[in-house]
file structure.csv (CSV, C-alpha atoms and all ligand atoms)
chain,number,residue,atom,x,y,z
A,1,MET,CA,105.8,93.9,99.1
A,2,ASP,CA,106.9,97.1,100.8
A,3,ASP,CA,110.0,97.7,102.9
A,4,ASP,CA,108.4,96.9,106.2
A,5,ALA,CA,107.0,93.6,105.0
A,6,ARG,CA,110.3,92.7,103.4
A,7,LEU,CA,112.2,93.5,106.6
A,8,ALA,CA,109.7,91.5,108.6
A,9,GLU,CA,110.1,88.5,106.3
A,10,ARG,CA,113.8,88.6,106.5
A,11,CYS,CA,113.7,88.9,110.3
A,12,LEU,CA,111.4,85.9,110.6
A,13,ALA,CA,113.6,83.9,108.3
A,14,GLY,CA,116.3,84.4,111.0
A,15,ASP,CA,118.6,86.7,109.2
A,16,PRO,CA,120.8,88.5,111.8
A,17,GLN,CA,121.5,91.4,109.4
A,18,ALA,CA,117.7,92.0,109.2
A,19,TRP,CA,117.4,91.8,113.0
A,20,SER,CA,120.2,94.4,113.2
A,21,SER,CA,118.3,96.6,110.7
A,22,PHE,CA,115.1,96.2,112.6
A,23,VAL,CA,116.7,97.2,115.9
A,24,HIS,CA,118.5,100.1,114.3
A,25,ARG,CA,115.3,101.3,112.9
A,26,PHE,CA,113.3,101.2,116.1
A,27,GLU,CA,115.7,101.4,119.0
A,28,GLY,CA,115.6,105.2,119.3
A,29,ALA,CA,111.8,105.3,119.3
A,30,VAL,CA,111.4,102.3,121.6
A,31,PHE,CA,114.1,103.4,124.1
A,32,GLY,CA,112.7,107.0,124.0
A,33,ILE,CA,109.2,105.7,124.9
A,34,CYS,CA,110.6,103.4,127.6
A,35,LEU,CA,112.8,106.0,129.2
A,36,ARG,CA,110.1,108.7,129.3
A,37,MET,CA,107.5,106.3,130.5
A,38,LEU,CA,109.6,104.6,133.1
A,39,GLN,CA,111.8,107.5,134.1
A,40,HIS,CA,114.6,105.1,135.0
A,41,ARG,CA,117.4,104.3,132.6
A,42,GLN,CA,118.2,100.7,133.6
A,43,ASP,CA,114.5,99.8,133.5
A,44,ALA,CA,114.1,101.5,130.2
A,45,GLU,CA,117.1,99.6,128.7
A,46,ASP,CA,115.7,96.3,129.9
A,47,VAL,CA,112.1,97.0,128.7
A,48,ALA,CA,113.4,98.4,125.4
A,49,GLN,CA,115.4,95.2,124.8
A,50,GLU,CA,112.5,93.0,125.8
A,51,THR,CA,110.2,95.0,123.5
A,52,LEU,CA,112.5,94.6,120.4
A,53,VAL,CA,113.1,90.9,121.0
A,54,ARG,CA,109.4,90.2,121.4
A,55,ALA,CA,108.6,92.4,118.4
A,56,VAL,CA,111.0,90.4,116.1
A,57,LYS,CA,109.7,87.1,117.5
A,58,HIS,CA,106.1,88.0,116.9
A,59,LEU,CA,106.4,89.8,113.6
A,60,GLY,CA,104.2,87.1,112.1
A,61,ARG,CA,101.3,88.7,113.9
A,62,TRP,CA,101.9,92.2,112.5
A,63,ASP,CA,99.2,93.1,110.0
A,64,ALA,CA,101.3,94.1,106.9
A,65,ALA,CA,98.4,96.3,105.7
A,66,ARG,CA,99.4,98.7,108.5
A,67,ARG,CA,102.5,100.7,109.4
A,68,LEU,CA,105.1,98.7,111.4
A,69,ALA,CA,106.2,101.5,113.7
A,70,PRO,CA,102.9,101.9,115.7
A,71,TRP,CA,102.7,98.1,116.1
A,72,VAL,CA,106.2,98.1,117.6
A,73,MET,CA,105.4,101.1,119.8
A,74,SER,CA,102.3,99.4,121.1
A,75,ILE,CA,104.4,96.6,122.4
A,76,ALA,CA,106.7,99.1,124.0
A,77,VAL,CA,103.8,100.9,125.7
A,78,ASN,CA,102.3,97.6,126.8
A,79,ARG,CA,105.6,96.5,128.3
A,80,CYS,CA,106.0,99.8,130.1
A,81,ARG,CA,102.5,99.7,131.5
A,82,THR,CA,103.3,96.2,132.8
A,83,ARG,CA,106.5,97.3,134.4
A,84,LEU,CA,104.8,100.3,136.0
A,85,SER,CA,102.0,98.2,137.4
A,86,GLN,CA,104.6,95.7,138.7
A,87,ARG,CA,106.3,98.6,140.4
A,88,ARG,CA,103.0,99.7,141.9
A,89,SER,CA,102.2,96.3,143.3
A,90,ILE,CA,105.7,95.8,144.7
A,91,THR,CA,105.6,99.2,146.3
A,92,HIS,CA,102.1,98.6,147.6
A,93,LEU,CA,103.2,95.5,149.3
A,94,GLY,CA,106.0,97.4,150.9
A,95,GLU,CA,108.7,95.0,149.7
A,96,VAL,CA,110.9,97.6,148.1
A,97,ASP,CA,111.3,101.3,148.4
A,98,GLN,CA,109.9,103.6,145.7
A,99,VAL,CA,111.9,103.3,142.5
A,100,GLN,CA,114.3,106.1,142.3
A,101,GLU,CA,113.1,108.2,139.4
A,102,GLU,CA,115.5,109.7,137.0
A,103,THR,CA,114.4,112.3,134.5
A,104,PRO,CA,115.8,111.7,131.1
A,105,ARG,CA,118.9,113.9,130.6
A,106,ALA,CA,118.2,116.5,128.1
A,107,ALA,CA,120.9,117.3,125.6
A,108,ASN,CA,120.3,121.0,126.1
A,109,SER,CA,119.1,122.2,129.5
A,110,GLY,CA,116.6,124.9,130.2
A,111,LEU,CA,113.2,124.7,128.5
A,112,ALA,CA,113.7,121.1,127.3
A,113,GLU,CA,114.7,120.0,130.8
A,114,GLU,CA,111.6,121.7,132.2
A,115,LEU,CA,109.5,119.9,129.6
A,116,GLU,CA,111.0,116.6,130.6
A,117,LEU,CA,110.1,117.3,134.3
A,118,ALA,CA,106.6,118.3,133.4
A,119,ILE,CA,106.1,115.1,131.2
A,120,ALA,CA,107.4,113.0,134.1
A,121,ALA,CA,104.7,114.3,136.3
A,122,LEU,CA,101.9,113.5,133.9
A,123,ARG,CA,99.5,110.7,134.5
A,124,GLU,CA,100.6,107.5,132.8
A,125,ASP,CA,98.1,107.4,130.0
A,126,TYR,CA,98.5,111.2,129.3
A,127,ARG,CA,102.2,110.7,129.3
A,128,ALA,CA,102.1,107.8,126.8
A,129,SER,CA,99.8,109.6,124.5
A,130,PHE,CA,101.8,112.8,124.6
A,131,ILE,CA,105.1,111.0,123.8
A,132,LEU,CA,103.5,109.0,121.0
A,133,PHE,CA,102.0,112.1,119.4
A,134,TYR,CA,104.6,114.8,120.0
A,135,GLN,CA,107.8,112.8,120.1
A,136,GLN,CA,107.1,109.8,117.9
A,137,GLU,CA,104.8,111.9,115.6
A,138,LEU,CA,102.1,109.3,115.3
A,139,GLY,CA,98.7,110.5,114.2
A,140,VAL,CA,95.8,110.7,116.6
A,141,GLU,CA,94.3,107.5,115.1
A,142,GLU,CA,97.5,105.6,115.5
A,143,VAL,CA,97.9,106.8,119.1
A,144,ALA,CA,94.4,105.6,119.7
A,145,GLU,CA,95.3,102.2,118.2
A,146,VAL,CA,98.3,101.9,120.4
A,147,MET,CA,96.5,103.0,123.5
A,148,GLY,CA,93.4,101.0,122.8
A,149,CYS,CA,91.1,104.0,123.2
A,150,PRO,CA,88.8,106.0,121.0
A,151,THR,CA,90.3,109.0,119.2
A,152,GLY,CA,88.1,111.4,121.1
A,153,THR,CA,89.7,110.1,124.4
A,154,ILE,CA,93.2,110.6,123.0
A,155,LYS,CA,92.4,114.2,121.9
A,156,THR,CA,91.1,114.9,125.4
A,157,TRP,CA,94.2,113.4,126.9
A,158,LEU,CA,96.5,115.3,124.6
A,159,TYR,CA,94.8,118.5,125.5
A,160,ARG,CA,94.9,117.9,129.2
A,161,ALA,CA,98.5,116.9,129.0
A,162,ARG,CA,99.4,120.1,127.1
A,163,LYS,CA,97.5,122.2,129.6
A,164,GLU,CA,99.2,120.6,132.6
A,165,ILE,CA,102.6,121.0,131.0
A,166,ALA,CA,101.9,124.5,130.0
A,167,ARG,CA,100.8,125.5,133.5
A,168,LYS,CA,103.9,123.9,135.0
A,169,LEU,CA,106.2,125.8,132.6
A,170,VAL,CA,104.5,129.1,133.6
A,171,ASP,CA,104.5,128.2,137.3
A,172,ARG,CA,108.1,127.5,137.2
A,173,GLY,CA,108.8,130.8,135.7
A,174,VAL,CA,110.3,129.5,132.5
A,175,VAL,CA,111.1,132.3,130.1
A,176,SER,CA,112.4,131.7,126.7
A,177,GLU,CA,115.5,133.4,125.4
A,178,ALA,CA,113.2,135.3,123.0
A,179,GLY,CA,111.7,137.0,126.1
A,180,ASP,CA,108.2,137.8,127.0
A,181,GLU,CA,107.4,139.6,123.8
A,182,LEU,CA,107.3,136.3,122.1
A,183,TYR,CA,104.4,135.2,124.3
A,184,GLY,CA,102.8,138.6,124.5
A,185,ILE,CA,99.4,139.4,123.0
B,1,MET,CA,84.6,136.3,123.2
B,2,ASN,CA,84.9,134.6,126.6
B,3,CYS,CA,87.0,132.1,128.4
B,4,THR,CA,85.0,129.1,127.2
B,5,GLU,CA,85.4,130.1,123.5
B,6,PHE,CA,89.1,130.7,124.0
B,7,GLU,CA,89.6,127.4,125.7
B,8,ALA,CA,87.7,125.6,123.0
B,9,TRP,CA,90.0,127.2,120.4
B,10,LEU,CA,93.0,126.2,122.5
B,11,ALA,CA,91.9,122.6,122.7
B,12,ASP,CA,91.8,122.3,118.9
B,13,ARG,CA,94.8,124.4,118.2
B,14,GLU,CA,97.5,123.2,115.9
B,15,MET,CA,100.9,123.6,117.5
B,16,THR,CA,102.6,126.8,116.5
B,17,ALA,CA,99.3,128.4,115.4
B,18,GLY,CA,99.2,132.1,116.3
B,19,LEU,CA,96.6,133.9,118.3
B,20,PRO,CA,93.6,134.9,116.1
B,21,ALA,CA,92.8,138.6,116.3
B,22,ARG,CA,89.3,137.9,117.7
B,23,PHE,CA,90.7,136.8,121.0
B,24,GLU,CA,93.1,139.7,121.6
B,25,GLY,CA,90.5,141.8,123.3
B,26,HIS,CA,89.5,139.0,125.7
B,27,LEU,CA,93.1,138.2,126.6
B,28,ALA,CA,93.9,141.8,127.3
B,29,ASP,CA,91.2,141.7,130.0
B,30,CYS,CA,91.5,138.1,131.3
B,31,GLU,CA,94.6,137.1,133.2
B,32,ALA,CA,93.7,133.4,133.3
B,33,CYS,CA,93.5,133.1,129.5
B,34,ARG,CA,96.6,135.3,129.1
B,35,THR,CA,98.5,132.9,131.3
B,36,ALA,CA,97.1,129.9,129.5
B,37,TRP,CA,98.3,131.4,126.2
B,38,ARG,CA,101.7,132.1,127.6
B,39,GLY,CA,102.0,128.5,128.7
B,40,GLU,CA,100.9,127.3,125.3
B,41,ARG,CA,103.5,129.3,123.5
B,42,LEU,CA,106.2,128.1,126.0
B,43,LEU,CA,105.1,124.6,125.2
B,44,ASP,CA,105.5,125.2,121.5
B,45,ARG,CA,109.0,126.4,122.1
B,46,ALA,CA,109.9,123.5,124.4
B,47,LEU,CA,108.6,121.0,121.9
B,48,SER,CA,110.7,122.5,119.2
B,49,GLN,CA,113.8,122.0,121.4
B,50,TRP,CA,112.8,118.5,122.7
B,51,PRO,CA,115.8,116.3,122.0
B,52,PRO,CA,115.8,112.6,121.3
B,53,VAL,CA,117.1,110.5,124.2
B,54,ASP,CA,120.8,109.5,124.2
B,55,ALA,CA,121.6,106.2,122.5
B,56,VAL,CA,122.4,103.2,124.6
B,57,PRO,CA,125.9,101.9,123.9
B,58,ASP,CA,126.0,98.3,122.4
B,59,PHE,CA,122.2,98.2,122.6
B,60,ARG,CA,121.8,96.7,119.1
B,61,ASP,CA,124.4,94.1,119.7
B,62,ARG,CA,122.7,93.0,122.9
B,63,VAL,CA,119.3,92.7,121.3
B,64,VAL,CA,120.7,90.8,118.3
B,65,ALA,CA,122.6,88.5,120.7
B,66,GLU,CA,119.4,87.8,122.6
B,67,LEU,CA,117.6,87.1,119.4
B,68,SER,CA,120.3,84.6,118.4
B,69,ARG,CA,119.9,82.8,121.7
B,70,SER,CA,116.1,82.4,121.1
B,71,THR,CA,115.6,82.0,117.4
B,72,HIS,CA,113.8,78.8,117.8
B,73,THR,CA,110.8,80.6,119.1
B,74,VAL,CA,110.5,83.0,116.2
B,75,GLN,CA,107.0,82.5,114.7
B,76,PRO,CA,106.5,82.0,111.0
B,77,PHE,CA,105.8,84.9,108.8
B,78,VAL,CA,102.3,85.2,107.4
B,79,SER,CA,102.0,87.2,104.2
B,80,PRO,CA,99.2,89.7,103.9
B,81,GLN,CA,97.4,87.6,101.3
B,82,ARG,CA,97.7,84.5,103.4
B,83,ARG,CA,96.6,86.5,106.5
B,84,ILE,CA,93.4,87.6,104.7
B,85,ARG,CA,92.6,84.0,103.6
B,86,SER,CA,93.2,82.7,107.1
B,87,THR,CA,91.2,85.6,108.6
B,88,ARG,CA,88.2,84.7,106.4
B,89,TRP,CA,88.6,81.1,107.4
B,90,LEU,CA,88.7,81.9,111.1
B,91,ALA,CA,85.8,84.3,110.9
B,92,VAL,CA,83.7,81.3,109.7
B,93,SER,CA,85.1,78.8,112.1
B,94,GLY,CA,85.3,81.2,115.0
B,95,SER,CA,81.6,81.9,114.5
B,96,LEU,CA,80.9,78.2,114.4
B,97,VAL,CA,82.7,77.6,117.6
B,98,SER,CA,80.8,80.3,119.3
B,99,LEU,CA,77.5,79.2,118.0
B,100,VAL,CA,78.2,75.7,119.2
B,101,LEU,CA,79.0,77.1,122.6
B,102,VAL,CA,75.9,79.1,122.6
B,103,ALA,CA,73.9,76.0,121.7
B,104,VAL,CA,75.5,74.0,124.4
B,105,ILE,CA,75.5,76.5,127.2
B,106,GLY,CA,72.1,77.8,126.2
B,107,GLY,CA,70.5,80.4,128.4
B,108,ARG,CA,73.6,80.9,130.5
B,109,LEU,CA,75.1,83.1,127.9
B,110,SER,CA,74.0,86.1,126.1
B,111,PHE,CA,75.6,86.3,122.7
B,112,ASP,CA,75.7,89.1,120.2
B,113,SER,CA,77.6,89.5,117.0
B,114,TYR,CA,81.0,89.6,118.4
B,115,MET,CA,83.0,88.5,115.5
B,116,SER,CA,83.3,91.9,113.8
B,117,ARG,CA,86.0,92.7,111.3
B,118,GLN,CA,87.6,94.8,114.0
B,119,ALA,CA,87.7,92.0,116.5
B,120,LEU,CA,89.7,90.0,114.1
B,121,ASP,CA,92.0,92.8,113.2
B,122,SER,CA,95.4,91.9,114.4
B,123,ASN,CA,96.2,95.5,115.4
B,124,GLY,CA,92.7,96.5,116.4
B,125,ALA,CA,92.6,95.8,120.1
B,126,VAL,CA,95.6,96.4,122.3
B,127,ALA,CA,94.3,95.2,125.5
B,128,ASN,CA,95.6,96.1,128.9
B,129,GLU,CA,97.6,93.1,130.1
B,130,MET,CA,96.2,93.2,133.6
B,131,ASN,CA,92.7,93.2,132.2
B,132,TRP,CA,93.8,90.2,130.2
B,133,ASP,CA,95.0,88.4,133.2
B,134,THR,CA,91.5,88.5,134.6
B,135,ALA,CA,89.8,87.9,131.3
B,136,VAL,CA,91.9,84.9,130.5
B,137,GLY,CA,91.4,83.3,134.0
B,138,GLU,CA,87.6,83.5,133.5
B,139,LEU,CA,87.8,82.3,130.0
B,140,LEU,CA,89.8,79.3,131.0
B,141,ALA,CA,87.3,78.4,133.6
B,142,THR,CA,84.5,78.7,131.1
B,143,VAL,CA,86.2,76.8,128.4
B,144,GLN,CA,87.5,74.0,130.5
B,145,GLY,CA,84.2,73.6,132.3
B,146,ASP,CA,82.3,73.2,129.1
B,147,TYR,CA,84.9,71.3,127.1
B,148,GLN,CA,83.3,67.9,127.7
B,149,GLN,CA,80.0,69.2,126.4
B,150,LEU,CA,81.6,70.8,123.5
B,151,THR,CA,83.3,67.6,122.3
B,152,THR,CA,80.0,65.8,122.2
B,153,VAL,CA,78.7,68.2,119.5
B,154,ALA,CA,79.0,66.2,116.4
B,155,SER,CA,77.3,68.4,113.9
B,156,THR,CA,79.4,71.5,114.1
B,157,GLY,CA,81.2,71.4,110.7
B,158,LEU,CA,84.4,71.8,112.5
B,159,ARG,CA,87.1,69.2,112.1
B,160,PRO,CA,87.2,66.9,115.2
B,161,SER,CA,90.8,67.7,115.6
B,162,GLU,CA,89.9,71.4,116.0
B,163,ILE,CA,87.4,70.7,118.7
B,164,VAL,CA,89.5,68.3,120.5
B,165,ALA,CA,92.5,70.7,120.3
B,166,LEU,CA,90.7,73.6,121.9
B,167,PRO,CA,91.8,73.3,125.5
B,168,ARG,CA,95.4,72.7,124.5
B,169,LEU,CA,95.2,75.6,122.1
B,170,VAL,CA,93.7,77.8,124.8
B,171,ASP,CA,96.5,76.9,127.1
B,172,SER,CA,99.2,77.5,124.7
B,173,ALA,CA,97.7,80.7,123.4
B,174,VAL,CA,97.2,82.0,126.9
B,175,GLY,CA,100.7,81.1,127.9
B,176,ARG,CA,102.2,82.6,124.9
B,177,GLU,CA,100.2,85.8,125.1
B,178,LEU,CA,100.7,86.4,128.7
B,179,ASP,CA,104.4,85.6,128.5
B,180,SER,CA,104.9,87.7,125.4
B,181,GLY,CA,103.2,90.7,126.8
B,182,LEU,CA,101.6,91.3,123.4
B,183,ALA,CA,98.0,92.1,123.3
B,184,ILE,CA,95.7,89.2,122.5
B,185,THR,CA,94.6,90.4,119.2
B,186,GLY,CA,91.2,88.7,118.7
B,187,PRO,CA,88.8,90.1,121.2
B,188,THR,CA,87.9,93.7,121.7
B,189,LEU,CA,88.0,94.1,125.5
B,190,GLU,CA,86.8,97.1,127.3
B,191,THR,CA,89.8,98.7,128.8
B,192,THR,CA,89.8,101.0,131.7
B,193,PRO,CA,92.6,103.4,131.3
B,194,GLU,CA,92.4,104.7,134.9
B,195,ALA,CA,92.7,101.4,136.5
B,196,THR,CA,94.5,98.2,135.7
B,197,VAL,CA,91.7,96.0,136.7
B,198,PRO,CA,88.4,96.3,134.8
B,199,ALA,CA,85.5,97.6,136.8
B,200,SER,CA,83.2,95.0,135.4
B,201,ARG,CA,83.7,91.3,134.6
B,202,PRO,CA,85.1,90.9,131.1
B,203,SER,CA,82.2,90.0,129.0
B,204,LEU,CA,81.7,86.5,127.5
B,205,ARG,CA,81.8,88.3,124.2
B,206,SER,CA,85.5,88.7,125.0
B,207,ALA,CA,85.8,85.1,125.6
B,208,PHE,CA,84.2,84.3,122.3
B,209,GLY,CA,86.5,86.6,120.6
B,210,PHE,CA,89.4,84.9,122.2
B,211,LEU,CA,88.1,81.5,121.0
B,212,GLY,CA,88.2,83.0,117.5
B,213,GLU,CA,91.8,83.8,118.1
B,214,VAL,CA,92.4,80.3,119.4
B,215,VAL,CA,90.9,78.9,116.2
B,216,MET,CA,93.1,81.2,114.3
B,217,VAL,CA,96.1,79.6,115.9
B,218,SER,CA,95.2,76.3,114.5
B,219,GLY,CA,93.8,77.7,111.2
B,220,GLY,CA,96.9,79.8,110.6
B,221,GLY,CA,99.1,76.8,110.9
B,222,ALA,CA,96.9,74.6,108.7
B,223,SER,CA,96.1,76.9,105.8
C,301,ZN,ZN,89.4,134.2,129.9
call {"tool": "encode", "arguments": {"input": "structure.csv", "output": "structure tokens", "more": "lines below"}}
Ligand SMILES: [Zn+2]
result
Amino acid sequence: MDDDARLAERCLAGDPQAWSSFVHRFEGAVFGICLRMLQHRQDAEDVAQETLVRAVKHLGRWDAARRLAPWVMSIAVNRCRTRLSQRRSITHLGEVDQVQEETPRAANSGLAEELELAIAALREDYRASFILFYQQELGVEEVAEVMGCPTGTIKTWLYRARKEIARKLVDRGVVSEAGDELYGI
Amino acid sequence: MNCTEFEAWLADREMTAGLPARFEGHLADCEACRTAWRGERLLDRALSQWPPVDAVPDFRDRVVAELSRSTHTVQPFVSPQRRIRSTRWLAVSGSLVSLVLVAVIGGRLSFDSYMSRQALDSNGAVANEMNWDTAVGELLATVQGDYQQLTTVASTGLRPSEIVALPRLVDSAVGRELDSGLAITGPTLETTPEATVPASRPSLRSAFGFLGEVVMVSGGGAS
């Protein structure tokens, strides 16, 4: 039995130490996905907590022949999609004002901050795929599994996302400290 | 070289890959491709500086506390070996249930070989939850409407308790799945990424896949 399966078994046996290890292992990835998907810190905390609680409770459904991380991330993405669709329907009904969006605070400003802004402006499925591939470093097939789409679709989405972000970076006049010669031909 | 060839190369480009010499001439003459390339290199650089998000204070404690409050709902662990056994069992019994339904409902349904290995794969189908809402509603209507007929089928090979338990299992599985926010793992449902509601009605094939999952609920517990 590998580490993932052992951890899962201990979690399901109700071992609080194992829960803590599980959360420690996935909190960064899950919160990262939630914050970048939802663009709202409090919502992201709530959904990340919900994701991890549900993941632990339903570990019995995880297929131990596969990696645990994409399975946990698929719950996070699903929860984020639900939250976003709830937001849309609430906004549509005019019951509340648009959720105030907050771009995740980048540790170093500049290019990384511009990247966050550009990601925030992506379409929901492009954004999720981009985060899973470039931030969480899942393979295309794993992203496809998480998103429930064929790999060809994911490749297209990733390319479109990259293209949109790249165009924004250029339009906003972002210049790296290395100067234009880095990007010259 | 032209714009199309350059764009095709860009689409397949590994991050950080440099510009092949064959495109240099085209980029010197084409501002659009030159701009696209500049953006691509900026993105490379931005990604290399992309920081992880800041940690949430006390987050782990909060999650563990929440888990402690709700330990009674933690589901039993199924080992990979046991999962394989129960998957085989449910492939057979799920097929039987579907065949029974086909026999009972007759010409109303079109049935094809839904119970693929992938459809039973517990990670294989991450369905959009909104799609599920619709799919499950229709499924319930179908199953509940035909339940009486189903119970009259005596020669199915299924244990009577399994047949009788179907509506209850459907209810509990639906409730659990929708409440949990997890994908229902049995069926392969067409998802429509651009919209939260499927353009077409969820197929009955999805419903049958779901029944397979329902049977798994009972089979997993019994095996
Ligand atoms: Zn060109």
call {"tool": "residues_near_ligand", "arguments": {"input": "structure.csv", "ligand": "ligand ZN 301 (chain C)", "cutoff": "7 Å", "atoms": "only C-alpha atoms and all ligand atoms", "output": "NGL selection string"}}
result
:B and (2-3 or 6 or 26-27 or 30-33)
call {"tool": "closest_residue", "arguments": {"input": "structure.csv", "among": "B:Asp29, B:Gly39, B:Arg69, B:Asp61", "to": "chain A", "atoms": "only C-alpha atoms"}}
result
B:Gly39
call {"tool": "residues_near_point", "arguments": {"input": "structure.csv", "point": "(113.2, 89.7, 120.0)", "cutoff": "10 Å", "atoms": "only C-alpha atoms", "output": "mmCIF file with C-alpha atoms, in the frame of the given file"}}
result
data_model
loop_
_atom_site.group_PDB
_atom_site.id
_atom_site.type_symbol
_atom_site.label_atom_id
_atom_site.label_comp_id
_atom_site.auth_asym_id
_atom_site.auth_seq_id
_atom_site.Cartn_x
_atom_site.Cartn_y
_atom_site.Cartn_z
ATOM 1 C CA CYS A 11 113.700 88.900 110.300
ATOM 2 C CA TRP A 19 117.400 91.800 113.000
ATOM 3 C CA VAL A 23 116.700 97.200 115.900
ATOM 4 C CA GLN A 49 115.400 95.200 124.800
ATOM 5 C CA GLU A 50 112.500 93.000 125.800
ATOM 6 C CA THR A 51 110.200 95.000 123.500
ATOM 7 C CA LEU A 52 112.500 94.600 120.400
ATOM 8 C CA VAL A 53 113.100 90.900 121.000
ATOM 9 C CA ARG A 54 109.400 90.200 121.400
ATOM 10 C CA ALA A 55 108.600 92.400 118.400
ATOM 11 C CA VAL A 56 111.000 90.400 116.100
ATOM 12 C CA LYS A 57 109.700 87.100 117.500
ATOM 13 C CA HIS A 58 106.100 88.000 116.900
ATOM 14 C CA LEU A 59 106.400 89.800 113.600
ATOM 15 C CA VAL B 63 119.300 92.700 121.300
ATOM 16 C CA VAL B 64 120.700 90.800 118.300
ATOM 17 C CA ALA B 65 122.600 88.500 120.700
ATOM 18 C CA GLU B 66 119.400 87.800 122.600
ATOM 19 C CA LEU B 67 117.600 87.100 119.400
ATOM 20 C CA SER B 68 120.300 84.600 118.400
ATOM 21 C CA ARG B 69 119.900 82.800 121.700
ATOM 22 C CA SER B 70 116.100 82.400 121.100
ATOM 23 C CA THR B 71 115.600 82.000 117.400
ATOM 24 C CA THR B 73 110.800 80.600 119.100
ATOM 25 C CA VAL B 74 110.500 83.000 116.200
#
call {"tool": "closest_residue", "arguments": {"input": "structure.csv", "among": "A:Gly173, A:Ala166, A:Phe31, A:Val140", "to": "chain B", "atoms": "all atoms listed in the file"}}
result
A:Ala166
call {"tool": "closest_atom_pairs", "arguments": {"input": "structure.csv", "of": "chain A", "to": "chain B", "cutoff": "7 Å", "atoms": "all atoms listed in the file", "output": "CSV"}}
result
residue,atom,partner,partner_atom,distance
A:Glu9,CA,B:Phe77,CA,6.1
A:Leu12,CA,B:Phe77,CA,6.0
A:Gly14,CA,B:Thr71,CA,6.9
A:Pro16,CA,B:Val64,CA,6.9
A:Trp19,CA,B:Val64,CA,6.3
A:Ser20,CA,B:Val64,CA,6.3
A:Val23,CA,B:Arg60,CA,6.0
A:His24,CA,B:Arg60,CA,6.7
A:Gly28,CA,B:Ala55,CA,6.9
A:Gly32,CA,B:Val53,CA,5.6
A:Gln49,CA,B:Val63,CA,5.8
A:Val53,CA,B:Leu67,CA,6.1
A:Arg54,CA,B:Ser180,CA,6.5
A:Lys57,CA,B:Val74,CA,4.4
A:His58,CA,B:Gln75,CA,6.0
A:Leu59,CA,B:Phe77,CA,6.9
A:Gly60,CA,B:Phe77,CA,4.3
A:Arg61,CA,B:Ser122,CA,6.7
A:Trp62,CA,B:Ser122,CA,6.8
A:Asp63,CA,B:Ser122,CA,5.9
A:Ala64,CA,B:Pro80,CA,5.7
A:Ala65,CA,B:Pro80,CA,6.9
A:Ile75,CA,B:Leu182,CA,6.1
A:Asn78,CA,B:Gly181,CA,7.0
A:Arg79,CA,B:Gly181,CA,6.5
A:Ala106,CA,B:Pro51,CA,6.6
A:Ala107,CA,B:Pro51,CA,6.3
A:Leu111,CA,B:Ala46,CA,5.4
A:Ala112,CA,B:Ala46,CA,5.3
A:Leu115,CA,B:Ala46,CA,6.3
A:Asp125,CA,B:Pro193,CA,6.9
A:Glu145,CA,B:Gly124,CA,6.5
A:Val146,CA,B:Val126,CA,6.4
A:Met147,CA,B:Val126,CA,6.8
A:Gly148,CA,B:Val126,CA,5.1
A:Tyr159,CA,B:Ala11,CA,5.7
A:Ala166,CA,B:Gly39,CA,4.2
A:Arg167,CA,B:Gly39,CA,5.8
A:Leu169,CA,B:Gly39,CA,6.3
A:Val170,CA,B:Gly39,CA,5.5
A:Tyr183,CA,B:Arg38,CA,5.3
A:Ile185,CA,B:Glu24,CA,6.5
call {"tool": "residues_around", "arguments": {"input": "structure.csv", "residues": "Ala69 of chain A", "least_positions_apart": "4", "cutoff": "9 Å", "atoms": "only C-alpha atoms", "output": "list in words"}}
result
Phe26, Ala29, Met73, Ser74 and Leu138 of chain A
call {"tool": "atom_distance", "arguments": {"input": "structure.csv", "atom1": "atom CA of Gln86 of chain A", "atom2": "atom CA of Lys155 of chain A"}}
result
27.8 Å
call {"tool": "atom_distance", "arguments": {"input": "structure.csv", "atom1": "atom CA of Asp46 of chain A", "atom2": "atom CA of Arg83 of chain A"}}
result
10.3 Å
call {"tool": "atom_distance", "arguments": {"input": "structure.csv", "atom1": "atom CA of Val174 of chain A", "atom2": "atom CA of Arg22 of chain B"}}
result
27.0 Å
